[in-house]
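**Q** My file is protein03.txt. It has compact mmCIF, C-alpha atoms and all ligand atoms:
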```txt
# COMPACT_ATOMS: atom_id res chain seq x y z
CA MET A 1 -7.96 -13.91 26.35
CA LYS A 2 -5.12 -16.37 26.45
CA ARG A 3 -1.71 -15.27 25.50
CA HIS A 4 -0.33 -16.98 22.44
CA THR A 5 3.22 -17.10 21.15
CA GLY A 6 2.10 -14.67 18.42
CA GLN A 7 2.04 -11.99 21.14
CA ASP A 8 5.38 -12.99 22.67
CA LYS A 9 7.88 -10.30 21.64
CA GLU A 10 10.90 -12.48 22.27
CA ALA A 11 9.56 -15.46 20.34
CA THR A 12 8.25 -13.47 17.38
CA SER A 13 11.43 -11.42 17.02
CA SER A 14 13.30 -14.51 15.77
CA TRP A 15 10.49 -15.64 13.46
CA ARG A 16 11.01 -15.38 9.73
CA LEU A 17 8.57 -13.53 7.48
CA GLU A 18 6.42 -16.55 6.56
CA THR A 19 5.89 -17.47 10.22
CA ARG A 20 5.07 -13.88 11.15
CA LEU A 21 2.50 -13.72 8.34
CA VAL A 22 0.72 -16.82 9.62
CA ARG A 23 1.02 -16.45 13.38
CA GLY A 24 2.19 -12.96 14.32
CA GLY A 25 -0.03 -10.98 16.67
CA THR A 26 -2.42 -13.83 17.41
CA TRP A 27 -4.38 -13.86 20.66
CA ARG A 28 -6.39 -16.95 21.56
CA SER A 29 -9.61 -16.80 23.56
CA GLU A 30 -10.70 -19.29 26.26
CA MET A 31 -12.25 -21.35 23.45
CA GLY A 32 -8.84 -22.29 22.08
CA GLU A 33 -9.77 -21.50 18.47
CA THR A 34 -7.07 -22.05 15.82
CA SER A 35 -8.33 -19.29 13.52
CA GLU A 36 -8.28 -15.78 14.93
CA ALA A 37 -11.58 -14.86 16.61
CA MET A 38 -13.76 -12.13 15.15
CA PHE A 39 -14.93 -9.69 17.81
CA MET A 40 -17.82 -7.90 16.17
CA THR A 41 -18.45 -5.59 19.07
CA SER A 42 -18.53 -1.84 19.39
CA GLY A 43 -18.28 -1.77 23.19
CA TYR A 44 -17.10 -3.74 26.21
CA ALA A 45 -18.73 -4.41 29.60
CA TYR A 46 -16.88 -4.10 32.91
CA ASP A 47 -17.23 -6.29 35.99
CA CYS A 48 -17.64 -3.23 38.19
CA ALA A 49 -17.67 0.57 37.98
CA GLU A 50 -14.19 0.67 39.48
CA ASP A 51 -12.86 -1.38 36.55
CA ALA A 52 -14.47 1.00 34.07
CA ALA A 53 -12.86 3.97 35.81
CA ALA A 54 -9.47 2.22 35.97
CA ARG A 55 -9.60 1.33 32.29
CA PHE A 56 -10.45 4.87 31.27
CA ALA A 57 -7.64 6.13 33.48
CA GLY A 58 -5.25 3.79 31.66
CA GLU A 59 -4.49 1.94 34.90
CA GLN A 60 -6.00 -1.34 33.75
CA ASP A 61 -5.33 -3.24 30.52
CA GLY A 62 -8.34 -3.95 28.37
CA TYR A 63 -10.73 -2.57 25.83
CA THR A 64 -13.22 0.27 26.26
CA TYR A 65 -14.66 1.07 22.85
CA SER A 66 -13.86 -0.22 19.37
CA ARG A 67 -13.07 3.24 17.99
CA LEU A 68 -10.11 3.18 20.38
CA ARG A 69 -9.18 -0.50 19.98
CA ASN A 70 -10.75 -3.81 19.05
CA PRO A 71 -9.19 -7.25 19.66
CA THR A 72 -9.51 -8.47 16.06
CA ALA A 73 -8.23 -5.19 14.63
CA ALA A 74 -5.41 -5.33 17.21
CA MET A 75 -4.32 -8.76 15.98
CA PHE A 76 -4.17 -7.42 12.43
CA GLU A 77 -2.25 -4.35 13.61
CA ASP A 78 0.24 -6.36 15.66
CA ARG A 79 0.80 -8.75 12.75
CA MET A 80 1.33 -5.85 10.32
CA ALA A 81 3.87 -4.26 12.68
CA LEU A 82 5.80 -7.54 12.94
CA ILE A 83 5.86 -7.98 9.16
CA GLU A 84 7.00 -4.43 8.52
CA GLY A 85 9.51 -4.34 11.33
CA ALA A 86 7.67 -1.33 12.78
CA GLU A 87 7.11 -0.78 16.49
CA VAL A 88 3.36 -0.26 16.11
CA ALA A 89 0.50 -0.18 13.62
CA ARG A 90 -3.06 1.08 13.47
CA ALA A 91 -5.59 -0.21 10.95
CA THR A 92 -7.98 2.01 9.03
CA ALA A 93 -11.14 1.54 7.00
CA THR A 94 -9.40 2.15 3.67
CA GLY A 95 -5.98 2.95 2.29
CA MET A 96 -7.09 6.55 1.73
CA ALA A 97 -8.14 6.80 5.39
CA ALA A 98 -4.57 5.73 6.28
CA VAL A 99 -2.96 8.29 3.95
CA THR A 100 -5.26 11.14 5.02
CA ALA A 101 -5.09 10.41 8.74
CA ALA A 102 -1.30 10.02 8.72
CA LEU A 103 -0.83 13.38 7.00
CA LEU A 104 -3.46 15.35 8.93
CA ALA A 105 -2.17 13.94 12.24
CA ILE A 106 1.37 15.22 11.73
CA LEU A 107 0.69 18.52 9.92
CA LYS A 108 -0.66 21.92 10.91
CA ALA A 109 -1.34 25.23 9.19
CA GLY A 110 1.91 26.91 8.16
CA ASP A 111 3.73 23.64 7.49
CA HIS A 112 5.17 22.77 4.10
CA VAL A 113 5.07 19.36 2.42
CA VAL A 114 7.15 18.04 -0.46
CA SER A 115 5.57 15.19 -2.39
CA SER A 116 6.38 13.20 -5.49
CA ARG A 117 3.87 14.13 -8.18
CA ALA A 118 3.35 10.63 -9.58
CA LEU A 119 0.71 9.44 -7.15
CA PHE A 120 -2.51 7.48 -7.01
CA GLY A 121 -5.34 9.91 -7.99
CA SER A 122 -6.80 10.22 -4.48
CA CYS A 123 -3.37 10.62 -2.87
CA ARG A 124 -2.72 13.40 -5.34
CA TYR A 125 -6.03 15.05 -4.33
CA VAL A 126 -5.13 14.88 -0.64
CA VAL A 127 -1.72 16.50 -1.04
CA GLU A 128 -2.49 18.89 -3.88
CA THR A 129 -6.03 20.04 -3.02
CA LEU A 130 -6.98 19.05 0.53
CA LEU A 131 -3.84 20.00 2.49
CA PRO A 132 -3.68 23.58 1.07
CA ARG A 133 -7.28 24.13 2.26
CA PHE A 134 -5.94 23.77 5.80
CA GLY A 135 -3.02 26.12 5.31
CA VAL A 136 -0.38 23.54 4.40
CA GLU A 137 1.75 24.51 1.42
CA VAL A 138 2.70 21.70 -0.94
CA THR A 139 5.45 21.39 -3.53
CA LEU A 140 5.11 18.55 -6.04
CA VAL A 141 8.33 17.22 -7.56
CA ASP A 142 9.41 14.64 -10.09
CA GLY A 143 10.13 11.88 -7.56
CA ARG A 144 12.86 10.38 -9.77
CA ASP A 145 14.91 13.59 -9.67
CA VAL A 146 17.04 13.91 -6.52
CA GLU A 147 17.93 17.53 -7.39
CA ALA A 148 14.23 18.41 -7.48
CA TRP A 149 13.74 16.98 -3.98
CA LYS A 150 16.72 19.01 -2.74
CA ALA A 151 15.50 22.23 -4.32
CA ALA A 152 12.00 21.85 -2.87
CA MET A 153 12.99 21.55 0.80
CA ARG A 154 12.37 24.56 3.03
CA PRO A 155 12.98 25.31 6.71
CA GLU A 156 9.26 24.82 7.38
CA THR A 157 9.06 21.49 5.50
CA ALA A 158 7.41 19.20 8.03
CA ALA A 159 6.83 16.10 5.92
CA VAL A 160 7.60 14.44 2.63
CA PHE A 161 5.19 12.05 1.00
CA LEU A 162 5.88 9.55 -1.75
CA GLU A 163 4.84 6.34 -3.46
CA THR A 164 7.50 4.01 -4.83
CA PRO A 165 6.91 2.48 -7.27
CA ALA A 166 4.19 5.02 -8.04
CA ASN A 167 0.68 4.22 -9.19
CA PRO A 168 0.52 3.80 -12.19
CA THR A 169 3.73 5.14 -13.74
CA LEU A 170 5.98 2.85 -11.65
CA ASP A 171 8.33 5.80 -11.05
CA VAL A 172 10.85 4.83 -8.36
CA VAL A 173 11.97 7.21 -5.62
CA ASP A 174 15.40 6.79 -3.99
CA LEU A 175 14.29 6.01 -0.44
CA GLN A 176 17.69 6.39 1.19
CA PHE A 177 18.33 9.74 -0.44
CA VAL A 178 14.91 11.22 0.32
CA CYS A 179 14.85 9.93 3.91
CA ASP A 180 18.32 11.38 4.63
CA LEU A 181 17.40 14.69 2.99
CA ALA A 182 14.11 14.98 4.89
CA HIS A 183 15.73 14.15 8.21
CA ASP A 184 18.45 16.77 7.61
CA HIS A 185 15.57 19.25 7.39
CA GLY A 186 13.71 17.85 10.41
CA ALA A 187 10.88 16.54 8.23
CA LEU A 188 9.03 13.25 8.65
CA VAL A 189 8.91 10.78 5.76
CA VAL A 190 5.58 9.15 4.87
CA VAL A 191 5.79 6.33 2.32
CA ASP A 192 2.83 4.73 0.55
CA ASN A 193 4.21 1.21 0.04
CA VAL A 194 1.13 -0.27 -1.65
CA PHE A 195 2.73 -1.19 -4.97
CA ALA A 196 5.80 -2.87 -3.46
CA THR A 197 4.00 -4.59 -0.56
CA PRO A 198 5.75 -5.41 2.73
CA VAL A 199 7.03 -8.64 1.14
CA LEU A 200 9.20 -6.85 -1.45
CA GLN A 201 10.20 -3.54 0.14
CA LYS A 202 10.79 -2.19 3.66
CA PRO A 203 10.84 1.64 3.60
CA MET A 204 11.63 1.83 7.33
CA ALA A 205 14.99 0.17 6.66
CA TYR A 206 15.90 3.39 4.80
CA GLY A 207 14.53 5.65 7.52
CA ALA A 208 10.84 6.16 6.63
CA ASP A 209 8.97 7.38 9.71
CA ILE A 210 5.50 6.32 8.64
CA VAL A 211 4.51 3.61 6.15
CA VAL A 212 0.93 3.42 4.90
CA TYR A 213 -0.91 0.65 3.09
CA SER A 214 -4.12 0.09 1.30
CA ALA A 215 -4.84 -3.40 2.64
CA THR A 216 -7.57 -3.55 0.00
CA LYS A 217 -4.88 -4.42 -2.50
CA HIS A 218 -2.42 -7.32 -2.02
CA ILE A 219 -3.10 -7.83 1.70
CA ASP A 220 -6.69 -8.91 1.21
CA GLY A 221 -5.67 -9.87 -2.30
CA GLN A 222 -8.95 -11.54 -3.09
CA GLY A 223 -11.14 -8.55 -3.87
CA ARG A 224 -13.36 -8.74 -0.79
CA CYS A 225 -12.73 -5.92 1.66
CA LEU A 226 -11.43 -2.40 1.96
CA GLY A 227 -8.83 -1.67 4.60
CA GLY A 228 -5.68 0.27 5.38
CA CYS A 229 -2.84 0.46 7.84
CA ILE A 230 -0.48 3.08 9.32
CA LEU A 231 2.86 1.94 10.75
CA SER A 232 5.27 4.00 12.84
CA SER A 233 7.37 4.18 15.98
CA GLU A 234 5.64 3.98 19.33
CA GLN A 235 6.59 7.57 20.10
CA LEU A 236 5.12 8.94 16.88
CA LEU A 237 1.98 6.91 17.44
CA GLU A 238 1.49 8.07 21.02
CA GLU A 239 2.35 11.71 20.47
CA GLN A 240 0.93 12.48 17.05
CA LEU A 241 -1.11 9.71 15.44
CA LEU A 242 -3.22 8.40 18.33
CA PRO A 243 -4.80 11.68 19.44
CA PHE A 244 -5.98 12.15 15.85
CA LEU A 245 -7.04 8.54 15.22
CA ARG A 246 -8.86 8.04 18.53
CA ASN A 247 -10.91 11.19 18.14
CA THR A 248 -11.65 11.16 14.42
CA GLY A 249 -12.38 7.43 14.02
CA PRO A 250 -11.14 6.20 10.64
CA ASN A 251 -11.04 2.63 12.04
CA ILE A 252 -11.26 -0.65 10.18
CA SER A 253 -14.28 -2.85 10.90
CA PRO A 254 -13.45 -5.99 12.95
CA PHE A 255 -14.87 -8.08 10.13
CA ASN A 256 -12.56 -6.50 7.56
CA ALA A 257 -9.60 -6.81 9.94
CA TRP A 258 -10.36 -10.53 10.23
CA VAL A 259 -10.43 -10.91 6.44
CA MET A 260 -7.08 -9.09 6.26
CA LEU A 261 -5.59 -11.44 8.87
CA LYS A 262 -6.58 -14.37 6.67
CA GLY A 263 -5.17 -12.57 3.63
CA LEU A 264 -1.81 -12.08 5.33
CA GLU A 265 -1.43 -15.83 5.87
CA THR A 266 -0.96 -16.35 2.12
CA LEU A 267 0.57 -12.97 1.20
CA GLU A 268 4.12 -14.19 0.65
CA LEU A 269 3.04 -17.09 -1.55
CA ARG A 270 0.75 -14.91 -3.61
CA ILE A 271 3.26 -12.10 -4.11
CA HIS A 272 5.95 -14.46 -5.37
CA ARG A 273 3.62 -16.21 -7.79
CA MET A 274 2.34 -12.84 -9.03
CA CYS A 275 5.92 -11.64 -9.53
CA ASP A 276 6.76 -14.84 -11.47
CA ASN A 277 3.75 -14.26 -13.72
CA ALA A 278 4.38 -10.51 -14.11
CA ALA A 279 8.01 -11.08 -15.16
CA ARG A 280 6.97 -13.65 -17.80
CA LEU A 281 4.23 -11.39 -19.17
CA ALA A 282 6.49 -8.33 -19.24
CA ASP A 283 9.10 -10.26 -21.24
CA MET A 284 6.50 -11.50 -23.69
CA LEU A 285 4.97 -8.05 -24.21
CA ALA A 286 8.40 -6.41 -24.56
CA ASP A 287 9.31 -8.92 -27.30
CA MET A 288 6.29 -7.81 -29.33
CA LYS A 289 6.85 -5.08 -31.86
CA GLY A 290 3.68 -3.06 -31.50
CA PHE A 291 3.92 -1.35 -28.09
CA VAL A 292 5.41 2.11 -27.59
CA ARG A 293 6.65 0.99 -24.20
CA VAL A 294 6.50 -1.88 -21.74
CA SER A 295 7.39 -0.85 -18.17
CA TYR A 296 8.27 -3.41 -15.53
CA PRO A 297 10.76 -2.57 -12.75
CA GLY A 298 12.17 -6.11 -12.89
CA ARG A 299 13.33 -5.74 -16.51
CA LYS A 300 16.80 -4.46 -17.38
CA ASP A 301 15.31 -1.99 -19.87
CA PHE A 302 13.30 -0.26 -17.12
CA ALA A 303 14.73 3.25 -16.74
CA GLN A 304 15.25 2.93 -12.98
CA HIS A 305 15.88 -0.82 -12.89
CA GLU A 306 19.00 -0.61 -10.73
CA LEU A 307 17.41 1.58 -8.06
CA ALA A 308 14.23 -0.49 -8.10
CA MET A 309 16.22 -3.67 -7.54
CA LYS A 310 18.24 -2.09 -4.77
CA GLN A 311 15.07 -1.26 -2.85
CA MET A 312 12.78 -4.13 -3.86
CA SER A 313 13.63 -7.80 -3.68
CA ARG A 314 11.68 -8.48 -6.92
CA GLY A 315 10.13 -6.56 -9.82
CA GLY A 316 6.62 -6.43 -8.41
CA THR A 317 3.17 -7.55 -9.47
CA ILE A 318 2.26 -4.66 -11.77
CA LEU A 319 3.35 -3.67 -15.25
CA CYS A 320 2.32 -1.02 -17.74
CA VAL A 321 2.16 -0.99 -21.52
CA GLU A 322 1.57 1.86 -23.88
CA VAL A 323 -0.23 1.30 -27.17
CA PRO A 324 0.53 3.70 -30.02
CA GLY A 325 -3.10 4.39 -30.94
CA GLY A 326 -4.18 6.34 -27.86
CA ARG A 327 -7.46 5.85 -26.04
CA GLU A 328 -9.21 4.18 -28.97
CA GLN A 329 -6.67 1.40 -29.28
CA ALA A 330 -6.31 1.06 -25.50
CA PHE A 331 -10.08 0.55 -25.18
CA LYS A 332 -10.04 -1.93 -28.07
CA PHE A 333 -7.34 -3.88 -26.25
CA LEU A 334 -9.31 -3.89 -22.97
CA ASN A 335 -12.58 -4.80 -24.67
CA SER A 336 -10.91 -7.78 -26.37
CA LEU A 337 -9.71 -9.40 -23.13
CA LYS A 338 -11.42 -12.69 -22.31
CA ILE A 339 -9.84 -13.72 -18.98
CA ILE A 340 -8.27 -10.55 -17.57
CA ASP A 341 -10.95 -8.23 -16.17
CA ILE A 342 -11.30 -4.55 -16.94
CA SER A 343 -10.98 -3.30 -13.37
CA ASN A 344 -9.15 -0.56 -11.51
CA ASN A 345 -8.21 -2.60 -8.44
CA ILE A 346 -4.71 -4.07 -8.00
CA GLY A 347 -3.13 -6.92 -6.06
CA ASP A 348 -6.04 -9.27 -6.66
CA ALA A 349 -5.80 -13.02 -7.34
CA LYS A 350 -7.59 -12.16 -10.59
CA SER A 351 -5.55 -10.31 -13.21
CA LEU A 352 -6.99 -6.85 -13.74
CA MET A 353 -6.27 -4.26 -16.41
CA THR A 354 -7.23 -0.62 -16.42
CA HIS A 355 -6.86 2.55 -18.46
CA PRO A 356 -5.63 5.00 -15.79
CA ALA A 357 -6.30 8.19 -17.80
CA SER A 358 -10.06 7.49 -17.86
CA THR A 359 -10.39 5.81 -14.44
CA THR A 360 -8.00 6.01 -11.47
CA HIS A 361 -6.45 9.25 -12.72
CA ALA A 362 -9.43 10.80 -14.52
CA SER A 363 -9.74 13.37 -11.73
CA VAL A 364 -6.17 14.60 -12.31
CA ALA A 365 -6.00 17.51 -14.78
CA GLU A 366 -4.88 16.42 -18.26
CA GLU A 367 -1.72 18.49 -18.16
CA ALA A 368 -0.72 17.06 -14.79
CA ARG A 369 -1.53 13.58 -16.03
CA LEU A 370 0.74 13.94 -19.05
CA GLN A 371 3.46 15.45 -16.89
CA MET A 372 3.29 12.28 -14.76
CA GLY A 373 3.54 10.17 -17.92
CA ILE A 374 -0.04 8.91 -17.91
CA THR A 375 -0.84 8.97 -21.61
CA GLU A 376 -4.07 8.05 -23.38
CA GLY A 377 -2.41 4.86 -24.64
CA MET A 378 -1.24 3.64 -21.22
CA LEU A 379 -2.69 0.48 -19.73
CA ARG A 380 -1.89 -0.87 -16.26
CA LEU A 381 -1.92 -4.61 -15.64
CA SER A 382 -2.14 -6.03 -12.13
CA VAL A 383 -0.99 -9.60 -12.57
CA GLY A 384 -2.92 -12.29 -10.71
CA LEU A 385 -2.62 -15.97 -9.91
CA GLU A 386 -4.06 -17.55 -13.05
CA HIS A 387 -1.83 -19.90 -15.07
CA VAL A 388 0.67 -17.66 -16.81
CA GLU A 389 0.12 -19.31 -20.19
CA ASP A 390 -3.59 -18.54 -20.07
CA LEU A 391 -2.72 -14.92 -19.34
CA MET A 392 -0.18 -14.89 -22.19
CA GLU A 393 -2.75 -16.25 -24.62
CA ASP A 394 -5.32 -13.71 -23.47
CA LEU A 395 -2.94 -10.77 -23.92
CA LEU A 396 -1.78 -12.05 -27.31
CA GLN A 397 -5.29 -12.42 -28.68
CA ALA A 398 -6.34 -9.01 -27.29
CA ALA A 399 -3.26 -7.41 -28.84
CA ALA A 400 -4.08 -9.00 -32.20
CA GLN A 401 -7.68 -7.76 -31.96
CA ALA A 402 -6.41 -4.26 -31.20
CA GLY A 403 -4.08 -4.39 -34.20
CA ILE A 404 -0.79 -4.67 -32.30
CA ALA A 405 1.77 -6.74 -34.18
CA GLU A 406 3.42 -9.71 -32.52
C1 LIG K 501 -5.48 1.97 -3.91
C2 LIG K 501 -4.41 2.82 -3.42
C3 LIG K 501 -4.62 3.69 -2.34
C4 LIG K 501 -5.96 3.83 -1.67
O1 LIG K 501 -6.43 2.67 -1.05
P1 LIG K 501 -7.99 2.40 -0.80
O2 LIG K 501 -7.98 1.18 0.06
O3 LIG K 501 -8.61 2.19 -2.14
O4 LIG K 501 -8.55 3.59 -0.12
C5 LIG K 501 -3.56 4.47 -1.92
N1 LIG K 501 -2.36 4.42 -2.52
C6 LIG K 501 -2.12 3.58 -3.56
C7 LIG K 501 -0.76 3.57 -4.18
C8 LIG K 501 -3.13 2.77 -4.05
O5 LIG K 501 -2.88 1.96 -5.09
```
In structure tokens, write the structure found in this file.
Ligand SMILES: *Cc1c(COP(=O)(O)O)cnc(C)c1O
**A**
Amino acid sequence: MKRHTGQDKEATSSWRLETRLVRGGTWRSEMGETSEAMFMTSGYAYDCAEDAAARFAGEQDGYTYSRLRNPTAAMFEDRMALIEGAEVARATATGMAAVTAALLAILKAGDHVVSSRALFGSCRYVVETLLPRFGVEVTLVDGRDVEAWKAAMRPETAAVFLETPANPTLDVVDLQFVCDLAHDHGALVVVDNVFATPVLQKPMAYGADIVVYSATKHIDGQGRCLGGCILSSEQLLEEQLLPFLRNTGPNISPFNAWVMLKGLETLELRIHRMCDNAARLADMLADMKGFVRVSYPGRKDFAQHELAMKQMSRGGTILCVEVPGGREQAFKFLNSLKIIDISNNIGDAKSLMTHPASTTHASVAEEARLQMGITEGMLRLSVGLEHVEDLMEDLLQAAAQAGIAE
């Protein structure tokens, strides 16, 4: 492999985000390819037995087995670390593999975890149901309430977990406050930054120890592949994450890592266009009379607008509306859409709308769902890259069909 400036720490450290997204982490093979090479290989051959022994002993650079490292996955990891401003990254097969591995790697029986309760359904399962099975006690709090975070901390609190903005309620957690509080108690902070993306929000700037992504969402951004990523300091990786990751194997496939590398090249452009579209749509929907609520962090009427704008450079790509007529009217709205797809993914080039109560959060008990603010009338819209006026027209006609007044 040839070195490329994408692997030069000094050069890349002065690069701006857009350059990092396109070139960060790149290695070039002897073939001189411009696009990153895809190494679809599980293993590696050695020139001699001595080399194999030296590589296993860690005395020689190089690859040994793709569960431990793969060149294409490594390019994606190095690029992700550069974008986030993290020392290191490891890629996983899915976002849930990243969340689960990060938590299991740093926790043990007897530990206590504090987590915001407004979470993606599977994240909620991991903290609320899975961790207690292994002897980890969990306290769920209203992530918007700093007093609740304070009250939940215990001497044995080893980690806090949060999403901000949360899926799908868009609840915002005060990153600076929670990071300072956790560190005062010797706890690690794990932030799921999927909704904000690395383009809009940098949790490590506030002290987050681990940031996790579902790369399935905006990073691929074109609905093709599943993937995830865990970012941390080198010390945390070496001491706590790597022993778990290397031996349990939640790795990303080299093919998917390659797709993610290509996705990153256009991430900044896509996020800004999606934010432009989302802001226009949120304003239009908020001007209509018929909704109970339109939630978009970029709007002044969003309950946590100021905090959201302190932590995120823009309002994001996702908004929520609540129709007054519950599930029936929400379904009528969805079924009337002609361009926007009924789909539970987010961050896609295609605009997607879902009814969280019956899909992404159907596995959460009804009472817990309502406590989070996920009502039967709530619809989540992930805004894509279509022309904004086509999206406006689609939402307007669907609203009219569902009996929502303009
Ligand atoms: C989708 C999502 C995940 C899980 O990612 P997968 O790639 O689907 O496993 C985790 N957290 C949030 C906030 C998500 O939206």
**Q** Would you tabulate, counting all atoms listed in the file, all residues of chain A that have an atom at most 6 Å from an atom of ligand LIG 501 (chain K), showing the closest pair of atoms and their distance in Å to one decimal, sorted by chain then ascending number, as a tab-separated table?
**A**
```
residue	atom	partner	partner_atom	distance
A:Thr94	CA	K:LIG501	O2	4.0
A:Gly95	CA	K:LIG501	O1	3.4
A:Met96	CA	K:LIG501	O4	3.8
A:Phe120	CA	K:LIG501	C7	5.1
A:Asn167	CA	K:LIG501	C7	5.3
A:Val194	CA	K:LIG501	C7	5.0
A:Phe195	CA	K:LIG501	C7	6.0
A:Ser214	CA	K:LIG501	O1	4.2
A:Thr216	CA	K:LIG501	O2	4.7
A:Leu226	CA	K:LIG501	O2	5.3
A:Gly227	CA	K:LIG501	O2	5.4
A:Gly228	CA	K:LIG501	O2	5.9
```
**Q** Taking 2 positions as the minimum chain separation for residues in the same chain, which residues sit within 8 Å of Val173 (chain A) when counting all atoms listed in the file? Answer as a list in words.
**A** Gly143, Arg144, Leu162, Glu163, Thr164, Pro165, Asp171, Leu175 and Val178 of chain A
**Q** Kindly indicate which residue among A:Arg20, A:His361, A:His305, A:Arg270 lies nearest to Asp174 (chain A), using only C-alpha atoms for the distances.
**A**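 That would be A:His305, the residue with the smallest distance to Asp174 (chain A).
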**Q** Within 12 Å of region 103-107 of chain A, counting only C-alpha atoms, which residues qualify if same-chain residues fewer than 5 places away don't, as a PDB file with C-alpha atoms, in the frame of the given file?
**A**
```
ATOM      1  CA  MET A  96      -7.090   6.550   1.730  1.00  0.00           C
ATOM      2  CA  ALA A  97      -8.140   6.800   5.390  1.00  0.00           C
ATOM      3  CA  ALA A  98      -4.570   5.730   6.280  1.00  0.00           C
ATOM      4  CA  HIS A 112       5.170  22.770   4.100  1.00  0.00           C
ATOM      5  CA  VAL A 113       5.070  19.360   2.420  1.00  0.00           C
ATOM      6  CA  VAL A 114       7.150  18.040  -0.460  1.00  0.00           C
ATOM      7  CA  SER A 115       5.570  15.190  -2.390  1.00  0.00           C
ATOM      8  CA  CYS A 123      -3.370  10.620  -2.870  1.00  0.00           C
ATOM      9  CA  VAL A 126      -5.130  14.880  -0.640  1.00  0.00           C
ATOM     10  CA  VAL A 127      -1.720  16.500  -1.040  1.00  0.00           C
ATOM     11  CA  LEU A 130      -6.980  19.050   0.530  1.00  0.00           C
ATOM     12  CA  LEU A 131      -3.840  20.000   2.490  1.00  0.00           C
ATOM     13  CA  PRO A 132      -3.680  23.580   1.070  1.00  0.00           C
ATOM     14  CA  ARG A 133      -7.280  24.130   2.260  1.00  0.00           C
ATOM     15  CA  PHE A 134      -5.940  23.770   5.800  1.00  0.00           C
ATOM     16  CA  GLY A 135      -3.020  26.120   5.310  1.00  0.00           C
ATOM     17  CA  VAL A 136      -0.380  23.540   4.400  1.00  0.00           C
ATOM     18  CA  GLU A 137       1.750  24.510   1.420  1.00  0.00           C
ATOM     19  CA  VAL A 138       2.700  21.700  -0.940  1.00  0.00           C
ATOM     20  CA  GLU A 156       9.260  24.820   7.380  1.00  0.00           C
ATOM     21  CA  THR A 157       9.060  21.490   5.500  1.00  0.00           C
ATOM     22  CA  ALA A 158       7.410  19.200   8.030  1.00  0.00           C
ATOM     23  CA  ALA A 159       6.830  16.100   5.920  1.00  0.00           C
ATOM     24  CA  VAL A 160       7.600  14.440   2.630  1.00  0.00           C
ATOM     25  CA  PHE A 161       5.190  12.050   1.000  1.00  0.00           C
ATOM     26  CA  LEU A 162       5.880   9.550  -1.750  1.00  0.00           C
ATOM     27  CA  ALA A 187      10.880  16.540   8.230  1.00  0.00           C
ATOM     28  CA  LEU A 188       9.030  13.250   8.650  1.00  0.00           C
ATOM     29  CA  VAL A 189       8.910  10.780   5.760  1.00  0.00           C
ATOM     30  CA  VAL A 190       5.580   9.150   4.870  1.00  0.00           C
ATOM     31  CA  VAL A 191       5.790   6.330   2.320  1.00  0.00           C
ATOM     32  CA  ASP A 192       2.830   4.730   0.550  1.00  0.00           C
ATOM     33  CA  ASP A 209       8.970   7.380   9.710  1.00  0.00           C
ATOM     34  CA  ILE A 210       5.500   6.320   8.640  1.00  0.00           C
ATOM     35  CA  VAL A 211       4.510   3.610   6.150  1.00  0.00           C
ATOM     36  CA  VAL A 212       0.930   3.420   4.900  1.00  0.00           C
ATOM     37  CA  ILE A 230      -0.480   3.080   9.320  1.00  0.00           C
ATOM     38  CA  SER A 232       5.270   4.000  12.840  1.00  0.00           C
ATOM     39  CA  LEU A 236       5.120   8.940  16.880  1.00  0.00           C
ATOM     40  CA  LEU A 237       1.980   6.910  17.440  1.00  0.00           C
ATOM     41  CA  GLU A 238       1.490   8.070  21.020  1.00  0.00           C
ATOM     42  CA  GLU A 239       2.350  11.710  20.470  1.00  0.00           C
ATOM     43  CA  GLN A 240       0.930  12.480  17.050  1.00  0.00           C
ATOM     44  CA  LEU A 241      -1.110   9.710  15.440  1.00  0.00           C
ATOM     45  CA  LEU A 242      -3.220   8.400  18.330  1.00  0.00           C
ATOM     46  CA  PRO A 243      -4.800  11.680  19.440  1.00  0.00           C
ATOM     47  CA  PHE A 244      -5.980  12.150  15.850  1.00  0.00           C
ATOM     48  CA  LEU A 245      -7.040   8.540  15.220  1.00  0.00           C
ATOM     49  CA  ARG A 246      -8.860   8.040  18.530  1.00  0.00           C
ATOM     50  CA  ASN A 247     -10.910  11.190  18.140  1.00  0.00           C
ATOM     51  CA  THR A 248     -11.650  11.160  14.420  1.00  0.00           C
ATOM     52  CA  PRO A 250     -11.140   6.200  10.640  1.00  0.00           C
TER      53      PRO A 250
END
```
**Q** Between A:Leu381, A:Ile374, A:Ala52, A:Leu285, which residue has the minimum interatomic distance to Lys350 (chain A), considering only C-alpha atoms?
**A**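 Smallest distance to Lys350 (chain A) is found for A:Leu381.
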**Q** How big is the axis-aligned box, and where does its centre sit, when it encloses all atoms of region 381-393 of chain A listed in the file and has 3 Å added on every side, reported in Å to one decimal as AutoDock Vina command-line options?
**A**
```
--center_x -1.7 --center_y -12.3 --center_z -17.3 --size_x 10.7 --size_y 21.3 --size_z 20.7
```
**Q** Between CA of Asn193 (chain A) and CA of Leu140 (chain A), what distance in Å does the model show, to one decimal?
**A**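 That distance, rounded to one decimal, is 18.4 Å.
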**Q** Do you know which residues are at most 9 Å from Gly85 (chain A) counting all atoms listed in the file, after dropping those on the same chain fewer than 6 positions away, and could you put them as a PDB file with C-alpha atoms, in the coordinates of the input?
**A**
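Dumped everything to out16.pdb:
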```pdb
ATOM      1  CA  LYS A 202      10.790  -2.190   3.660  1.00  0.00           C
ATOM      2  CA  MET A 204      11.630   1.830   7.330  1.00  0.00           C
ATOM      3  CA  ALA A 205      14.990   0.170   6.660  1.00  0.00           C
TER       4      ALA A 205
END
```
